[in-house]
>>> print(open('target26.cif').read())   # mmCIF, C-alpha atoms
data_protein
#
loop_
_atom_site.group_PDB
_atom_site.id
_atom_site.type_symbol
_atom_site.label_atom_id
_atom_site.label_comp_id
_atom_site.auth_asym_id
_atom_site.auth_seq_id
_atom_site.Cartn_x
_atom_site.Cartn_y
_atom_site.Cartn_z
ATOM 1 C CA MET A 1180 31.970 -34.893 59.880
ATOM 2 C CA LEU A 1181 33.703 -37.766 61.649
ATOM 3 C CA LEU A 1182 34.335 -39.589 58.347
ATOM 4 C CA TRP A 1183 35.663 -36.431 56.707
ATOM 5 C CA SER A 1184 38.038 -35.561 59.553
ATOM 6 C CA THR A 1185 39.475 -39.072 59.860
ATOM 7 C CA ILE A 1186 39.566 -40.050 56.159
ATOM 8 C CA GLN A 1187 40.124 -36.732 54.384
ATOM 9 C CA LEU A 1188 42.350 -34.999 56.963
ATOM 10 C CA GLY A 1189 43.604 -37.963 58.965
ATOM 11 C CA LYS A 1190 42.688 -36.159 62.209
ATOM 12 C CA PRO A 1191 40.494 -37.031 65.198
ATOM 13 C CA LEU A 1192 37.799 -34.546 66.205
ATOM 14 C CA SER A 1193 39.968 -33.370 69.116
ATOM 15 C CA SER A 1194 42.633 -32.073 66.695
ATOM 16 C CA LEU A 1195 40.368 -30.060 64.388
ATOM 17 C CA THR A 1196 41.129 -26.346 64.127
ATOM 18 C CA HIS A 1197 39.040 -23.360 63.149
ATOM 19 C CA GLU A 1198 40.646 -23.449 59.675
ATOM 20 C CA ASP A 1199 39.702 -27.142 59.320
ATOM 21 C CA LEU A 1200 36.072 -26.246 59.968
ATOM 22 C CA LEU A 1201 36.202 -23.564 57.275
ATOM 23 C CA LEU A 1202 37.431 -26.233 54.861
ATOM 24 C CA TYR A 1203 34.590 -28.512 55.935
ATOM 25 C CA GLN A 1204 31.995 -25.824 55.273
ATOM 26 C CA ARG A 1205 33.316 -25.488 51.716
ATOM 27 C CA PHE A 1206 33.375 -29.280 51.411
ATOM 28 C CA LEU A 1207 29.632 -29.474 52.192
ATOM 29 C CA SER A 1208 28.849 -27.329 49.154
ATOM 30 C CA ASP A 1209 30.903 -29.615 46.866
ATOM 31 C CA PRO A 1210 31.944 -32.980 48.383
ATOM 32 C CA GLN A 1211 35.103 -34.027 46.527
ATOM 33 C CA PRO A 1212 36.317 -36.470 45.402
ATOM 34 C CA ALA A 1213 32.751 -37.356 44.380
ATOM 35 C CA SER A 1214 33.628 -41.038 43.887
ATOM 36 C CA ARG A 1215 34.410 -41.264 47.607
ATOM 37 C CA TRP A 1216 31.637 -39.082 49.035
ATOM 38 C CA VAL A 1217 28.652 -38.920 46.627
ATOM 39 C CA MET A 1218 26.348 -41.772 45.596
ATOM 40 C CA ARG A 1219 26.324 -42.221 41.829
ATOM 41 C CA ASP A 1220 23.468 -41.138 39.560
ATOM 42 C CA GLY A 1221 21.593 -39.495 42.424
ATOM 43 C CA ARG A 1222 20.603 -42.941 43.758
ATOM 44 C CA LYS A 1223 20.352 -43.806 47.436
ATOM 45 C CA PHE A 1224 21.738 -47.032 48.873
ATOM 46 C CA ALA A 1225 21.462 -48.674 52.291
ATOM 47 C CA HIS A 1226 24.419 -48.175 54.630
ATOM 48 C CA ALA A 1227 25.516 -51.777 54.230
ATOM 49 C CA HIS A 1228 25.609 -51.518 50.416
ATOM 50 C CA PRO A 1229 29.094 -51.109 48.868
ATOM 51 C CA GLU A 1230 27.786 -48.191 46.755
ATOM 52 C CA TRP A 1231 26.656 -46.224 49.821
ATOM 53 C CA ARG A 1232 28.196 -42.771 50.254
ATOM 54 C CA PRO A 1233 27.425 -40.060 52.857
ATOM 55 C CA PHE A 1234 26.068 -37.616 50.247
ATOM 56 C CA ALA A 1235 23.453 -37.791 47.511
ATOM 57 C CA GLY A 1236 24.901 -34.500 46.178
ATOM 58 C CA PRO A 1237 26.025 -31.059 47.349
ATOM 59 C CA LEU A 1238 24.056 -29.702 50.303
ATOM 60 C CA SER A 1239 21.790 -26.718 49.760
ATOM 61 C CA PRO A 1240 22.718 -23.489 51.587
ATOM 62 C CA ALA A 1241 19.925 -24.146 54.122
ATOM 63 C CA SER A 1242 21.203 -27.691 54.761
ATOM 64 C CA GLN A 1243 24.761 -26.391 55.107
ATOM 65 C CA ARG A 1244 23.630 -23.915 57.778
ATOM 66 C CA GLN A 1245 21.695 -26.653 59.572
ATOM 67 C CA ALA A 1246 24.739 -28.952 59.536
ATOM 68 C CA ILE A 1247 26.931 -26.228 61.096
ATOM 69 C CA ILE A 1248 24.298 -25.511 63.774
ATOM 70 C CA ILE A 1249 24.228 -29.214 64.692
ATOM 71 C CA LEU A 1250 28.035 -29.427 64.754
ATOM 72 C CA ASN A 1251 28.281 -26.319 66.922
ATOM 73 C CA THR A 1252 25.967 -28.002 69.439
ATOM 74 C CA LEU A 1253 28.113 -31.151 69.283
ATOM 75 C CA PHE A 1254 31.365 -29.262 69.852
ATOM 76 C CA SER A 1255 29.852 -27.229 72.708
ATOM 77 C CA TRP A 1256 28.760 -30.451 74.394
ATOM 78 C CA LEU A 1257 32.244 -31.971 73.932
ATOM 79 C CA VAL A 1258 33.763 -28.848 75.542
ATOM 80 C CA ASN A 1259 31.405 -29.156 78.533
ATOM 81 C CA ALA A 1260 32.190 -32.874 78.779
ATOM 82 C CA GLY A 1261 35.923 -32.111 78.955
ATOM 83 C CA TYR A 1262 36.800 -33.845 75.667
ATOM 84 C CA LEU A 1263 37.714 -30.598 73.904
ATOM 85 C CA ALA A 1264 39.498 -27.533 75.270
ATOM 86 C CA GLY A 1265 37.510 -25.205 72.998
ATOM 87 C CA ASN A 1266 34.884 -25.071 70.260
ATOM 88 C CA PRO A 1267 36.601 -24.650 66.849
ATOM 89 C CA LEU A 1268 33.327 -23.331 65.417
ATOM 90 C CA SER A 1269 32.705 -20.593 67.971
ATOM 91 C CA LEU A 1270 35.096 -18.104 66.361
ATOM 92 C CA SER A 1271 33.422 -18.291 62.937
ATOM 93 C CA ARG A 1272 29.974 -18.014 64.517
ATOM 94 C CA GLN A 1273 31.044 -14.914 66.498
ATOM 95 C CA ARG A 1274 32.473 -13.354 63.351
ATOM 96 C CA ALA A 1275 29.265 -14.093 61.455
ATOM 97 C CA ARG A 1276 27.189 -12.462 64.184
ATOM 98 C CA LYS A 1277 29.363 -9.342 64.238
ATOM 99 C CA ALA A 1278 29.438 -9.030 60.468
ATOM 100 C CA LYS A 1279 25.720 -9.504 59.965
ATOM 101 C CA PRO A 1280 24.225 -6.125 59.087
ATOM 102 C CA ARG A 1281 20.996 -4.860 60.546
ATOM 103 C CA ILE A 1282 18.376 -4.918 57.792
ATOM 104 C CA THR A 1283 15.522 -2.451 58.072
ATOM 105 C CA ARG A 1284 12.921 -2.634 55.327
ATOM 106 C CA TYR A 1285 10.408 0.141 54.915
ATOM 107 C CA LEU A 1286 9.220 2.669 52.364
ATOM 108 C CA GLU A 1287 10.248 6.273 52.751
ATOM 109 C CA GLU A 1288 7.332 8.703 53.056
ATOM 110 C CA ASP A 1289 7.738 9.948 49.468
ATOM 111 C CA LEU A 1290 7.656 6.376 48.130
ATOM 112 C CA TRP A 1291 4.545 5.578 50.186
ATOM 113 C CA SER A 1292 2.956 8.702 48.688
ATOM 114 C CA GLU A 1293 3.830 7.382 45.219
ATOM 115 C CA VAL A 1294 2.121 4.080 46.022
ATOM 116 C CA LYS A 1295 -1.034 5.874 47.162
ATOM 117 C CA MET A 1296 -0.948 8.150 44.108
ATOM 118 C CA THR A 1297 -0.649 5.140 41.790
ATOM 119 C CA ILE A 1298 -3.613 3.449 43.451
ATOM 120 C CA ASP A 1299 -5.590 6.677 43.205
ATOM 121 C CA LEU A 1300 -5.139 6.609 39.419
ATOM 122 C CA MET A 1301 -6.937 3.249 39.128
ATOM 123 C CA PRO A 1302 -10.134 3.382 36.997
ATOM 124 C CA LYS A 1303 -13.374 3.998 38.912
ATOM 125 C CA GLU A 1304 -16.024 4.136 36.149
ATOM 126 C CA SER A 1305 -17.874 0.883 36.823
ATOM 127 C CA ASP A 1306 -19.027 -0.599 40.127
ATOM 128 C CA ARG A 1307 -16.479 -3.396 39.780
ATOM 129 C CA GLU A 1308 -13.648 -0.937 39.098
ATOM 130 C CA ARG A 1309 -14.644 1.028 42.199
ATOM 131 C CA GLU A 1310 -14.580 -2.179 44.242
ATOM 132 C CA HIS A 1311 -11.054 -2.934 43.010
ATOM 133 C CA TYR A 1312 -9.975 0.620 43.765
ATOM 134 C CA TYR A 1313 -11.266 0.756 47.347
ATOM 135 C CA ARG A 1314 -10.079 -2.779 48.036
ATOM 136 C CA ALA A 1315 -6.538 -1.884 46.872
ATOM 137 C CA ARG A 1316 -6.518 1.271 49.017
ATOM 138 C CA TRP A 1317 -7.513 -0.692 52.110
ATOM 139 C CA LEU A 1318 -5.224 -3.664 51.445
ATOM 140 C CA PHE A 1319 -2.081 -1.569 50.933
ATOM 141 C CA SER A 1320 -2.929 0.493 54.014
ATOM 142 C CA LEU A 1321 -3.159 -2.693 56.095
ATOM 143 C CA LEU A 1322 0.112 -4.083 54.745
ATOM 144 C CA TYR A 1323 2.086 -0.846 55.071
ATOM 145 C CA LEU A 1324 0.664 0.806 58.189
ATOM 146 C CA CYS A 1325 0.308 -2.380 60.277
ATOM 147 C CA GLY A 1326 3.114 -4.506 58.832
ATOM 148 C CA LEU A 1327 0.827 -7.507 58.388
ATOM 149 C CA ARG A 1328 1.669 -10.728 56.616
ATOM 150 C CA ILE A 1329 -0.660 -11.726 53.775
ATOM 151 C CA SER A 1330 -1.822 -14.708 55.865
ATOM 152 C CA GLU A 1331 -2.697 -12.308 58.702
ATOM 153 C CA VAL A 1332 -4.770 -10.140 56.379
ATOM 154 C CA VAL A 1333 -6.842 -13.069 55.110
ATOM 155 C CA GLY A 1334 -7.026 -14.887 58.444
ATOM 156 C CA ASN A 1335 -8.484 -12.174 60.698
ATOM 157 C CA THR A 1336 -11.743 -10.245 60.921
ATOM 158 C CA MET A 1337 -12.685 -6.608 61.448
ATOM 159 C CA GLY A 1338 -13.793 -7.584 64.950
ATOM 160 C CA SER A 1339 -10.055 -7.676 65.722
ATOM 161 C CA LEU A 1340 -10.145 -3.859 65.777
ATOM 162 C CA PHE A 1341 -11.031 -2.297 69.121
ATOM 163 C CA CYS A 1342 -11.007 1.162 70.692
ATOM 164 C CA ARG A 1343 -9.428 1.859 74.084
ATOM 165 C CA ARG A 1344 -9.031 5.078 76.070
ATOM 166 C CA ASP A 1345 -5.411 5.803 76.978
ATOM 167 C CA LYS A 1346 -4.118 7.393 80.186
ATOM 168 C CA ASP A 1347 -4.563 10.873 78.682
ATOM 169 C CA GLY A 1348 -8.243 10.173 78.100
ATOM 170 C CA GLU A 1349 -7.855 9.969 74.325
ATOM 171 C CA GLU A 1350 -9.533 7.113 72.465
ATOM 172 C CA ARG A 1351 -7.169 5.087 70.296
ATOM 173 C CA TRP A 1352 -7.818 2.163 67.956
ATOM 174 C CA TRP A 1353 -5.807 -1.048 68.032
ATOM 175 C CA LEU A 1354 -5.699 -4.202 65.921
ATOM 176 C CA GLU A 1355 -5.314 -7.585 67.605
ATOM 177 C CA ILE A 1356 -3.835 -10.058 65.145
ATOM 178 C CA LEU A 1357 -3.625 -13.839 65.372
ATOM 179 C CA GLY A 1358 -0.506 -14.569 63.355
ATOM 180 C CA LYS A 1359 2.189 -17.132 62.684
ATOM 181 C CA GLY A 1360 2.335 -19.910 65.270
ATOM 182 C CA ASP A 1361 -1.090 -18.871 66.634
ATOM 183 C CA LYS A 1362 0.565 -15.950 68.432
ATOM 184 C CA LEU A 1363 -1.477 -12.872 69.303
ATOM 185 C CA ARG A 1364 -0.007 -9.413 68.861
ATOM 186 C CA ILE A 1365 -1.520 -5.966 69.111
ATOM 187 C CA VAL A 1366 -0.552 -3.225 66.672
ATOM 188 C CA PRO A 1367 -1.674 0.421 66.747
ATOM 189 C CA ALA A 1368 -4.324 1.384 64.186
ATOM 190 C CA THR A 1369 -3.271 4.889 63.090
ATOM 191 C CA ASN A 1370 -5.685 7.662 62.169
ATOM 192 C CA GLU A 1371 -4.722 7.137 58.518
ATOM 193 C CA LEU A 1372 -5.646 3.468 58.766
ATOM 194 C CA MET A 1373 -8.991 4.183 60.417
ATOM 195 C CA VAL A 1374 -9.889 6.739 57.734
ATOM 196 C CA GLU A 1375 -9.194 4.110 55.081
ATOM 197 C CA LEU A 1376 -11.185 1.506 57.021
ATOM 198 C CA ALA A 1377 -14.221 3.797 57.292
ATOM 199 C CA ARG A 1378 -14.030 4.605 53.578
ATOM 200 C CA TYR A 1379 -13.761 0.897 52.673
ATOM 201 C CA ARG A 1380 -16.604 -0.193 54.962
ATOM 202 C CA ARG A 1381 -18.967 2.550 53.754
ATOM 203 C CA GLU A 1382 -18.278 1.511 50.161
ATOM 204 C CA LYS A 1383 -19.350 -2.027 51.124
ATOM 205 C CA GLY A 1384 -22.546 -0.736 52.768
ATOM 206 C CA LEU A 1385 -21.294 -1.220 56.329
ATOM 207 C CA ALA A 1386 -21.087 1.126 59.318
ATOM 208 C CA SER A 1387 -17.890 3.177 59.381
ATOM 209 C CA PHE A 1388 -16.351 1.284 62.315
ATOM 210 C CA PRO A 1389 -16.713 -2.333 63.482
ATOM 211 C CA LEU A 1390 -18.186 -3.451 66.786
ATOM 212 C CA ALA A 1391 -16.795 -6.165 69.033
ATOM 213 C CA GLY A 1392 -17.393 -9.589 67.542
ATOM 214 C CA ASP A 1393 -17.732 -8.272 63.979
ATOM 215 C CA ASP A 1394 -17.041 -11.344 61.801
ATOM 216 C CA VAL A 1395 -16.579 -9.431 58.529
ATOM 217 C CA PRO A 1396 -13.179 -10.436 57.074
ATOM 218 C CA LEU A 1397 -10.452 -7.806 57.095
ATOM 219 C CA LEU A 1398 -10.389 -8.068 53.309
ATOM 220 C CA LEU A 1399 -13.572 -8.796 51.383
ATOM 221 C CA PRO A 1400 -13.717 -10.480 47.954
ATOM 222 C CA ILE A 1401 -14.698 -8.618 44.808
ATOM 223 C CA GLY A 1402 -18.408 -8.929 44.004
ATOM 224 C CA ARG A 1403 -21.199 -10.316 46.130
#
>>> encode(input="target26.cif", output="structure tokens")
Amino acid sequence: MLLWSTIQLGKPLSSLTHEDLLLYQRFLSDPQPASRWVMRDGRKFAHAHPEWRPFAGPLSPASQRQAIIILNTLFSWLVNAGYLAGNPLSLSRQRARKAKPRITRYLEEDLWSEVKMTIDLMPKESDREREHYYRARWLFSLLYLCGLRISEVVGNTMGSLFCRRDKDGEERWWLEILGKGDKLRIVPATNELMVELARYRREKGLASFPLAGDDVPLLLPIGR
């Protein structure tokens, strides 16, 4: 950033504007002129080597975002230190936050019904086909009704399910999941989920509902 501002624009950091930073963001995706900024043939040279350049090639979108995050921290520090009157990046970051839409991903009820109907049409003639069928029913119920990651499905046991009486005296089932970053979270186990669990466990020769400490995996393999 310092090299670009002084060599390309002929400006010190203290004179950079918001528009300059927009130019720099575009520059990161295609550093030009390449002879000045990019090392030839994808090779990497030591800083003291005359062929050294700041870039080995254009930065990926993830690296571009990381560079801007780092620069925003730098400019914020320079503002607090009294070197800059304002952060030239803050405006673009505020605009990005305001423009970012809220993304909600879920299946509508009719689409979820289509998924269940499709699974229900799976063949069930042989024992192995029945295993596949009941396993698919249970797996899709876990993923859809509990919002689990695949790693959370394969990394937890049925002992994670527990029943607790609520303040109205009604017994409700819950699923305690150890997930990403070894963080525990508790999600409600709906009646629909518990019906599917009981069906799946009975098909595997198990009691309808697990007890505390049950070490049976949430998802069992096909076969014995």
>>> atom_distance(input="target26.cif", atom1="atom CA of Leu1372 of chain A", atom2="atom CA of Leu1318 of chain A")
10.2 Å
>>> resolve_selection(input="target26.cif", expression="the PyMOL selection byres ((chain A and resi 1393) around 10)", output="PyMOL selection string")
chain A and resi 1336-1340+1388-1392+1394-1396
>>> atom_distance(input="target26.cif", atom1="atom CA of Phe1206 of chain A", atom2="atom CA of Ser1242 of chain A")
12.7 Å
>>> closest_residue(input="target26.cif", among="A:Asn1259, A:Ser1184, A:Ser1208, A:Thr1297", to="Ala1235 of chain A", atoms="all atoms listed in the file")
A:Ser1208
>>> resolve_selection(input="target26.cif", expression="the PyMOL selection byres ((chain A and resi 1399-1403) around 9)", output="ChimeraX atom specification")
/A:1307,1310-1311,1314,1333,1383,1395-1398
>>> closest_residue(input="target26.cif", among="A:Arg1380, A:Lys1223, A:Arg1232, A:Arg1316", to="Pro1210 of chain A", atoms="only C-alpha atoms")
A:Arg1232
>>> atom_distance(input="target26.cif", atom1="atom CA of Phe1341 of chain A", atom2="atom CA of Ser1387 of chain A")
13.1 Å
>>> closest_residue(input="target26.cif", among="A:Val1374, A:Gly1265, A:Arg1215, A:Gln1204", to="Ile1248 of chain A", atoms="all atoms listed in the file")
A:Gln1204
>>> resolve_selection(input="target26.cif", expression="the PyMOL selection byres ((chain A and resi 1253) around 12)", output="list in words")
Met1180, Leu1181, Leu1192, Ala1246, Ile1247, Ile1248, Ile1249, Leu1250, Asn1251, Thr1252, Phe1254, Ser1255, Trp1256, Leu1257, Val1258, Asn1259, Ala1260, Tyr1262, Leu1263, Gly1265, Asn1266, Pro1267, Leu1268 and Ser1269 of chain A
>>> closest_residue(input="target26.cif", among="A:Trp1183, A:Tyr1323, A:Trp1317, A:Tyr1312", to="Gln1211 of chain A", atoms="all atoms listed in the file")
A:Trp1183
>>> residues_around(input="target26.cif", residues="Ser1330 of chain A", least_positions_apart="6", cutoff="10 Å", atoms="only C-alpha atoms", output="PDB file with C-alpha atoms, in the frame of the given file")
ATOM      1  CA  LEU A1357      -3.625 -13.839  65.372  1.00  0.00           C
ATOM      2  CA  GLY A1358      -0.506 -14.569  63.355  1.00  0.00           C
ATOM      3  CA  LYS A1359       2.189 -17.132  62.684  1.00  0.00           C
TER       4      LYS A1359
END
>>> closest_residue(input="target26.cif", among="A:Pro1237, A:Asn1335, A:Ala1264, A:Leu1182", to="Arg1205 of chain A", atoms="all atoms listed in the file")
A:Pro1237
>>> residues_near_point(input="target26.cif", point="(-9.1, 7.8, 71.6)", cutoff="12 Å", atoms="only C-alpha atoms", output="JSON, numbers by chain")
{"A": [1341, 1342, 1343, 1344, 1345, 1346, 1347, 1348, 1349, 1350, 1351, 1352, 1353, 1367, 1368, 1369, 1370, 1373]}
>>> axis_aligned_box(input="target26.cif", around="segment 1205-1213 of chain A", padding_each_side="8 Å", output="AutoDock Vina command-line options")
--center_x 32.6 --center_y -31.4 --center_z 48.3 --size_x 23.5 --size_y 27.9 --size_z 23.8
